[in-house]
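*Asks:* Could you have a look at this structure, given as structure tokens, before my questions?
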Amino acid sequence: MTAQVPVDVPARPEIAGAGRVVVKVGSSSLTTLPGGLDVDRLTALVDVLAAVRASGREVVLVSSGAIAAGLSPLGLDGRPRDLATAQAAASVGQLRLVQTYADAFGRHGITVGQVLLTADDLTRRSHYRNARQTVDRLLDLGVLPIVNENDTVATEEIRFGDNDRLAALVAHVARAEALVLLSDVDGVYDGDPRTGPAELVDTVREPADLAAVTLGSATRNGVGTGGMATKVEAAFIAAHAGVPVVVTSTPQAGGALAGDRVGTLFAPMGKRPSARQFWLRYASRPRGRLILDAGAVTAVVERHASLLAAGITGLAGEFVADDPVELVGPDGAVVARGLVAYDAREMPALLGRKTGDLPPEHRREVVHRDEMVLVSRPRRV
């Protein structure tokens, strides 16, 4: 006799069982042109997230929409092309967006707290740690954090893709057990459904699963700046850090969070790294480069050894001790990233010299293995 599977078992238990989830929603799901913020659609999403909270799970919301929400009050008929106007729209829209969220969640008895971040904030280790502490404390107090890009003062951050990547970083900062990326697309398709037959990709277990899929280029579209390419990139960042991800449309948010087979699941592709390892690999901004000889590349990549001065043939950039730098092989391939122990001005006198030949104050590792993360393996020639 065939055993019966209980009907209440979710198709994706890793999502349904996640006690802390990060949900990211894009501008196109919350706003319209020329009407600005769509309160009905925002309220519908809040109702879903409130139900998740009522079930005992914790939610962190990463929301786009500040710039778009400011268009209508300012009488603008499209996303501004110049930085100053974009920042002005964000200044006006941020208040409207967060107040609307506060009112909608308030009807469910949920207090929200705003956390303004940019991807740039997370490149600084002290800010990264502070962001984690803030999110943890808000959740401990029963508050639902709403993370927004700080578009009012951001410069480089007001560009395509940052909010998807920011959501992946926040998933690690918040130590989330799942990430759900919402937009106006049902998931990842193996072709463009607007131009011909295309099938939804159910599960991605490794990058090779999407090798034959053309995701298209990133273009500004209406009120949003996102696209499937950046959602896939963000999903891979989170999945490689051990966080399962679902990419789907906003109307399917409830089903996705319940573990239903909707959208595209990116299964975890690695173990959850330490906060420092994750920061080094995905959030740090390298201040320079160290050029390694072939022997040093082998030691770093294959033996997981520290980098010594003897294996360095050159350097580039202006950095100081404890700055992140890239470690580059003789073929130009970046093989690792780490925190350098010396200022750039000290390095020329150390290059290629054995540790025993150096003055005592310079005999420590240039990059210690505990302060290093591998990026890719060198190309074989």
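Residue numbers start at 1 in each chain; chains themselves are named A, B, ... in the order of the structure tokens; ligands are numbered from 1 in the order shown.
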Sorted by chain and rising residue number, which residues of range 306-352 of chain A lie within 12 Å of range 124-130 of chain A, and what are their closest atom pairs and distances in Å to one decimal, counting only C-alpha atoms, as JSON lines?
*Replies:*
```
{"residue": "A:Asp322", "atom": "CA", "partner": "A:Arg125", "partner_atom": "CA", "distance": 10.6}
{"residue": "A:Asp323", "atom": "CA", "partner": "A:Arg124", "partner_atom": "CA", "distance": 9.9}
{"residue": "A:Pro324", "atom": "CA", "partner": "A:Arg124", "partner_atom": "CA", "distance": 10.0}
{"residue": "A:Leu339", "atom": "CA", "partner": "A:Arg125", "partner_atom": "CA", "distance": 11.3}
```
*Asks:* Run DSSP on the backbone and grab whatever in range 67-228 of chain A lands in strand (DSSP E or B); send it over as number ranges by chain.
*Replies:* A: 112-117, 144-149, 178-183, 189, 200, 203-204, 221, 224
*Asks:* List every residue of range 223-380 of chain A that DSSP, applied to the backbone, labels as alpha helix (DSSP H), and write the result as an NGL selection string.
*Replies:* :A and (228-240 or 253-257 or 275-278 or 294-302)
*Asks:* For Glu365 in chain A, find every residue with an atom within 9 Å (counting only C-alpha atoms), except residues of its own chain fewer than 5 positions away, and show them as an mmCIF file with N, CA, C and O atoms, in the first residue's frame.
*Replies:*
```
data_model
loop_
_atom_site.group_PDB
_atom_site.id
_atom_site.type_symbol
_atom_site.label_atom_id
_atom_site.label_comp_id
_atom_site.auth_asym_id
_atom_site.auth_seq_id
_atom_site.Cartn_x
_atom_site.Cartn_y
_atom_site.Cartn_z
ATOM 1 N N SER A 306 48.694 31.660 4.473
ATOM 2 C CA SER A 306 48.767 33.120 4.521
ATOM 3 C C SER A 306 49.663 33.629 3.395
ATOM 4 O O SER A 306 50.500 32.889 2.863
ATOM 5 N N LEU A 307 49.481 34.887 3.037
ATOM 6 C CA LEU A 307 50.313 35.492 1.998
ATOM 7 C C LEU A 307 51.520 36.155 2.647
ATOM 8 O O LEU A 307 51.376 37.017 3.515
ATOM 9 N N LEU A 308 52.706 35.751 2.182
ATOM 10 C CA LEU A 308 53.950 36.317 2.683
ATOM 11 C C LEU A 308 54.536 37.272 1.656
ATOM 12 O O LEU A 308 54.233 37.198 0.457
ATOM 13 N N ALA A 309 55.415 38.138 2.122
ATOM 14 C CA ALA A 309 56.013 39.139 1.240
ATOM 15 C C ALA A 309 56.784 38.505 0.095
ATOM 16 O O ALA A 309 56.844 39.044 -1.013
ATOM 17 N N VAL A 340 44.885 43.596 4.421
ATOM 18 C CA VAL A 340 46.331 43.737 4.340
ATOM 19 C C VAL A 340 46.884 44.255 5.668
ATOM 20 O O VAL A 340 46.236 45.049 6.357
ATOM 21 N N ALA A 341 48.080 43.801 6.028
ATOM 22 C CA ALA A 341 48.660 44.160 7.322
ATOM 23 C C ALA A 341 49.553 45.391 7.264
ATOM 24 O O ALA A 341 50.010 45.863 8.312
ATOM 25 N N THR A 355 60.824 36.111 4.717
ATOM 26 C CA THR A 355 60.463 36.643 6.026
ATOM 27 C C THR A 355 61.683 36.824 6.911
ATOM 28 O O THR A 355 61.828 37.831 7.613
#
```
*Asks:* So how far away is CA of Gly65 in chain A from CA of Thr31 in chain A, in Å?
*Replies:* 6.9 Å
*Asks:* Can you measure CA of Ala198 in chain A to CA of Arg165 in chain A for me? One decimal in Å is fine.
*Replies:*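 Pair CA of Ala198 in chain A / CA of Arg165 in chain A returns 25.9 Å.
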*Asks:* Using only C-alpha atoms, can you tell me which of A:Leu257, A:Val112, A:Ala239, A:Ala333 comes closest to Ile291 in chain A?
*Replies:*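 Counting only C-alpha atoms, the residue closest to Ile291 in chain A is A:Ala333.
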*Asks:* For Val59 in chain A, work out the shell of residues within 9 Å, counting only C-alpha atoms and skipping chain neighbours fewer than 5 positions away, then give it as a VMD selection string.
*Replies:* chain A and resid 19 to 23 49 to 50 52 to 53 139 144 to 145 176
*Asks:* Residues of the last selection are to be written out with all heavy atoms, as a compact mmCIF listing (two decimals), in the first residue's frame.
*Replies:*
```
# COMPACT_ATOMS: atom_id res chain seq x y z
N GLY A 19 12.39 30.55 10.23
CA GLY A 19 11.87 31.35 11.33
C GLY A 19 12.08 32.84 11.14
O GLY A 19 11.36 33.66 11.70
N ARG A 20 13.10 33.21 10.36
CA ARG A 20 13.38 34.62 10.08
C ARG A 20 13.58 34.77 8.58
O ARG A 20 14.46 34.13 8.00
CB ARG A 20 14.61 35.11 10.82
CG ARG A 20 14.97 36.56 10.57
CD ARG A 20 16.18 37.01 11.39
NE ARG A 20 15.89 37.04 12.83
CZ ARG A 20 16.75 37.47 13.74
NH1 ARG A 20 17.96 37.90 13.38
NH2 ARG A 20 16.41 37.47 15.02
N VAL A 21 12.76 35.59 7.94
CA VAL A 21 12.82 35.75 6.49
C VAL A 21 13.03 37.22 6.13
O VAL A 21 12.55 38.12 6.82
CB VAL A 21 11.55 35.23 5.80
CG1 VAL A 21 11.39 33.73 6.02
CG2 VAL A 21 10.31 35.96 6.29
N VAL A 22 13.76 37.43 5.05
CA VAL A 22 13.89 38.75 4.46
C VAL A 22 13.06 38.76 3.18
O VAL A 22 13.19 37.85 2.35
CB VAL A 22 15.35 39.11 4.14
CG1 VAL A 22 15.44 40.39 3.31
CG2 VAL A 22 16.14 39.29 5.43
N VAL A 23 12.21 39.76 3.03
CA VAL A 23 11.37 39.90 1.83
C VAL A 23 11.73 41.22 1.17
O VAL A 23 11.71 42.27 1.82
CB VAL A 23 9.87 39.88 2.20
CG1 VAL A 23 9.02 40.09 0.94
CG2 VAL A 23 9.51 38.57 2.89
N LEU A 49 2.40 39.78 4.92
CA LEU A 49 3.51 39.76 5.87
C LEU A 49 3.01 39.75 7.31
O LEU A 49 3.63 39.15 8.19
CB LEU A 49 4.42 40.97 5.62
CG LEU A 49 5.06 41.04 4.23
CD1 LEU A 49 5.99 42.24 4.14
CD2 LEU A 49 5.80 39.76 3.89
N ALA A 50 1.90 40.42 7.55
CA ALA A 50 1.31 40.40 8.89
C ALA A 50 0.86 38.99 9.28
O ALA A 50 1.01 38.57 10.44
CB ALA A 50 0.14 41.37 8.96
N VAL A 52 2.23 36.25 8.19
CA VAL A 52 3.47 35.52 8.48
C VAL A 52 3.93 35.82 9.89
O VAL A 52 4.32 34.92 10.64
CB VAL A 52 4.57 35.88 7.44
CG1 VAL A 52 5.90 35.26 7.83
CG2 VAL A 52 4.16 35.42 6.05
N ARG A 53 3.89 37.09 10.28
CA ARG A 53 4.26 37.47 11.63
C ARG A 53 3.34 36.81 12.66
O ARG A 53 3.80 36.35 13.71
CB ARG A 53 4.17 38.99 11.77
CG ARG A 53 5.44 39.74 11.41
CD ARG A 53 6.44 39.64 12.55
NE ARG A 53 5.86 40.17 13.77
CZ ARG A 53 6.11 41.37 14.28
NH1 ARG A 53 6.97 42.16 13.68
NH2 ARG A 53 5.54 41.78 15.39
N LEU A 139 14.20 43.33 16.06
CA LEU A 139 13.45 42.07 16.08
C LEU A 139 13.23 41.59 17.50
O LEU A 139 12.15 41.07 17.83
CB LEU A 139 14.19 41.02 15.25
CG LEU A 139 14.23 41.28 13.74
CD1 LEU A 139 15.18 40.30 13.05
CD2 LEU A 139 12.83 41.16 13.13
N LEU A 144 9.05 45.20 13.26
CA LEU A 144 9.33 44.73 11.90
C LEU A 144 10.22 45.77 11.21
O LEU A 144 9.76 46.88 10.93
CB LEU A 144 8.03 44.51 11.12
CG LEU A 144 8.16 43.79 9.77
CD1 LEU A 144 6.89 43.02 9.44
CD2 LEU A 144 8.47 44.76 8.64
N PRO A 145 11.50 45.46 10.94
CA PRO A 145 12.38 46.43 10.29
C PRO A 145 12.03 46.59 8.81
O PRO A 145 11.80 45.60 8.10
CB PRO A 145 13.77 45.81 10.44
CG PRO A 145 13.63 44.74 11.49
CD PRO A 145 12.22 44.25 11.36
N ALA A 176 19.12 35.74 8.31
CA ALA A 176 17.84 35.19 7.87
C ALA A 176 18.01 33.74 7.43
O ALA A 176 19.08 33.31 7.02
CB ALA A 176 17.29 36.02 6.72
```
